[in-house]
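First the structure, in the form of structure tokens, and then the observations on it.
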Amino acid sequence: MKDLRIILLNFETMIVLGIETSCDETGVGLVEDGKLIDHVVAKQDIHSKYGGVVPELASRQHIKKVYPALDILLERTGIKLEDIDGIAVTRGPGLIGPLMVGSLFGRGLAVALQKPFVNVNHLFGHIVSVFFAEKRLDFPFIVLLASGGHTMLILYWDTFHVEVLGETLDDAAGEAFDKAAVLLGLPYPGGPYIDRLAQRGNANKYPMPKPQIPEFNFSYSGLKTAFRYLVEDIRKQGMQKLEEEKPHLAAAIQKAIIDHLFDKIEKAVVQYGLKRVAIVGGVAANSYFRQRLAEKEAEGWETAAPPLPLCVDNGAMIAMAGWLKLKEGKISPLDEAPTPRLPLNEFL
Ligand code: KG4
Ligand code: ZN
């Protein structure tokens with residue numbers, strides 16, 4: 001087998017293709033010298049009716065969508081396959097079937113184009129999506145990563161030096177949004193629907209309990225149970241009443257989920273004396289979360305968040321992580337397989 005690791009790269013003008021297929025989003029993106037060229041995300045509406053991602057269906061959808069998504073991206077940017085200098089794919093964490101589709105597609109391209117291949121940790125991809133933000137924060141800074149599968153508070157020391165300060169003990173923040181949305185009869189994934197509904201609601205009408213979790217960890221199970229009882233109580237007053245109260249309920253749970261994240265961010269800001277904070281991951285698209293961050297910016301913090309479409313899973317963040325790795329000569333062997341449970345600090 002020819003070793004693609006020995007291929008020399010031209011770092012000055014390196015274009016990296018990123019392929020993301022860890023869950024239900026088929027994402028492809030192009031990064032050149034640390035800047036976004038463009039990206040395409042093909043959504044999979046098929047899961048909505050099941051109230052969650054069906055892994056087998058997701059794998060099949062990735063197979064259908066990954067090449068057409070790349071084709072659109074190349075067409076739109078005028079970049080040809082031969083112009084690509086390196087191929088980055090998500091290695092994990094994620095669903096094994098979906099990961100295998102993107103992984104094999106990327107390997108196939110790398111072999112056909114005779115270009116280097118690099119595996120990327122999905123969580124690292126989310127973290128470096130902060131480099132797509134308008135503002136560049138100096139290292140070190142605090143990163144709150146909140147997605148459908150993870151909630152982590154991180155001290156980001158340097159490009160490949162990530163210290164996890166705390167994480168969720170049960171549900172992830174995005175998962176808490178999605179479960180609350182199910183109780184309100186909203187489609188999956190419910191985070192964006194709660195965000196939209198909450199804009200018409202009064203967040204203080206239904207006070208929610210404040211999770212009291214030690215250190216920099218998070219927990220959403222108590223909040224989830226409290227919200228379930230609250231919704232059931234209101235439902236007993238009739239479906240009409242529940243319908244009227246939905247915006248207030250959405251605003252209340254949204255505030256509770258985000259305030260819990262913010263409590264820990266503020267704790268870290270104080271403890272580490274660092275007023276530089278970034279938010280990344282799907283939940284970083286939340287408008288109340290971004291509003292709270294903007295308020296802190298006005299109070300003197302330096303803050304950053306990726307543009308909205310780059311908060312949720314996408315190929316551009318994988319391309320960015322791949323570009324950073326390839327720049328350091330971190331090329332992956334072609335037999336390094338996808339891994340569904342990949343800790344953040346492995347294989348950066
Ligand atoms: O990062 P992501 O696309 O996938 C994972 O790696 O999990 O995050 C998806 C999560 C879902 O739980 C979704 O409901 C949540 O991010 N999300 C939001 C918003 N947009 C996406 N949660 C709250 N408000 C939003 N606007
Ligand atoms: Zn993600």
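As shown in the structure tokens, the chain order sets the letters A, B, ...; within each chain, residues go from 1, and ligands are also counted from 1 in the order they appear.
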
Practice task
Name all residues at most 10 Å from range 243-259 of chain A (count only C-alpha atoms; drop same-chain ones fewer than 3 positions away) and give them as JSON, numbers by chain.
Solution key: {"A": [146, 172, 173, 174, 176, 177, 180, 181, 184, 185, 191, 193, 194, 195, 196, 197, 198, 199, 200, 201, 202, 203, 204, 205, 206, 207, 208, 209, 210, 211, 218, 219, 220, 223, 224, 226, 227, 230, 231, 234, 235, 238, 239, 240, 262, 263, 264, 265, 283, 284, 286, 287, 288, 289, 290, 292]}

Exercise for the section: Name the residues of range 124-289 of chain A that come out as strand (DSSP E or B) in a backbone DSSP run; write them as number ranges by chain. Expected result: A: 141-146, 151-158, 161-168, 218, 276-280

Exercise for the section: Name the residues of range 75-132 of chain A that fall into helix (DSSP H, G or I) according to DSSP on the backbone, using the chain letters and numbers of this document, as an NGL selection string. Expected result: :A and (75-77 or 81-83 or 96-113 or 122-132)

Hey, can you spit out that residue selection with C-alpha atoms as an mmCIF file, in the first residue's frame?
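Listing of part-v7.cif after writing:
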```
data_model
loop_
_atom_site.group_PDB
_atom_site.id
_atom_site.type_symbol
_atom_site.label_atom_id
_atom_site.label_comp_id
_atom_site.auth_asym_id
_atom_site.auth_seq_id
_atom_site.Cartn_x
_atom_site.Cartn_y
_atom_site.Cartn_z
ATOM 1 C CA GLU A 75 -19.762 23.756 -8.686
ATOM 2 C CA ARG A 76 -20.486 26.765 -6.470
ATOM 3 C CA THR A 77 -16.839 27.515 -5.659
ATOM 4 C CA LEU A 81 -11.219 17.933 -7.163
ATOM 5 C CA GLU A 82 -7.587 18.157 -8.347
ATOM 6 C CA ASP A 83 -7.241 21.533 -6.556
ATOM 7 C CA ILE A 96 -20.691 4.147 13.653
ATOM 8 C CA GLY A 97 -22.681 3.578 10.427
ATOM 9 C CA PRO A 98 -22.783 7.266 9.461
ATOM 10 C CA LEU A 99 -19.109 7.700 10.442
ATOM 11 C CA MET A 100 -18.110 4.808 8.179
ATOM 12 C CA VAL A 101 -19.843 6.332 5.168
ATOM 13 C CA GLY A 102 -17.975 9.661 5.370
ATOM 14 C CA SER A 103 -14.780 7.975 6.388
ATOM 15 C CA LEU A 104 -14.714 5.603 3.423
ATOM 16 C CA PHE A 105 -15.803 8.318 1.013
ATOM 17 C CA GLY A 106 -12.928 10.523 2.222
ATOM 18 C CA ARG A 107 -10.403 7.680 2.026
ATOM 19 C CA GLY A 108 -11.561 6.840 -1.485
ATOM 20 C CA LEU A 109 -11.044 10.434 -2.564
ATOM 21 C CA ALA A 110 -7.632 10.611 -0.903
ATOM 22 C CA VAL A 111 -6.477 7.464 -2.698
ATOM 23 C CA ALA A 112 -7.926 8.526 -6.041
ATOM 24 C CA LEU A 113 -6.425 12.026 -5.812
ATOM 25 C CA HIS A 122 -15.757 15.867 15.886
ATOM 26 C CA LEU A 123 -15.530 17.723 19.215
ATOM 27 C CA PHE A 124 -12.244 19.308 18.171
ATOM 28 C CA GLY A 125 -14.018 20.340 14.950
ATOM 29 C CA HIS A 126 -16.682 22.151 17.000
ATOM 30 C CA ILE A 127 -14.002 23.860 19.092
ATOM 31 C CA VAL A 128 -12.018 25.152 16.123
ATOM 32 C CA SER A 129 -15.225 26.386 14.469
ATOM 33 C CA VAL A 130 -14.554 29.396 16.721
ATOM 34 C CA PHE A 131 -11.895 30.399 14.189
ATOM 35 C CA PHE A 132 -14.735 31.175 11.775
#
```

Handout entry: For Gln114 in chain A, the nearest of the candidates A:Pro93, A:Pro340, A:Pro140, A:Gly86, counting only C-alpha atoms
Key = A:Gly86

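Inspection of the environment of ligand 2, which uses only C-alpha atoms and all ligand atoms and a cut-off of 8 Å, identifies the neighbouring residues as A:Ser22, A:Cys23, A:His122, A:Leu123, A:His126, A:Ser147, A:Gly148, A:Gly149, A:Gly281, A:Gly282, A:Val312, A:Asp313, A:Asn314.
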
Problem - Residue nearest ligand 1 among A:Pro116, A:Gly300, A:Gly78, A:Gly51 (counting only C-alpha atoms and all ligand atoms) - result: A:Gly51
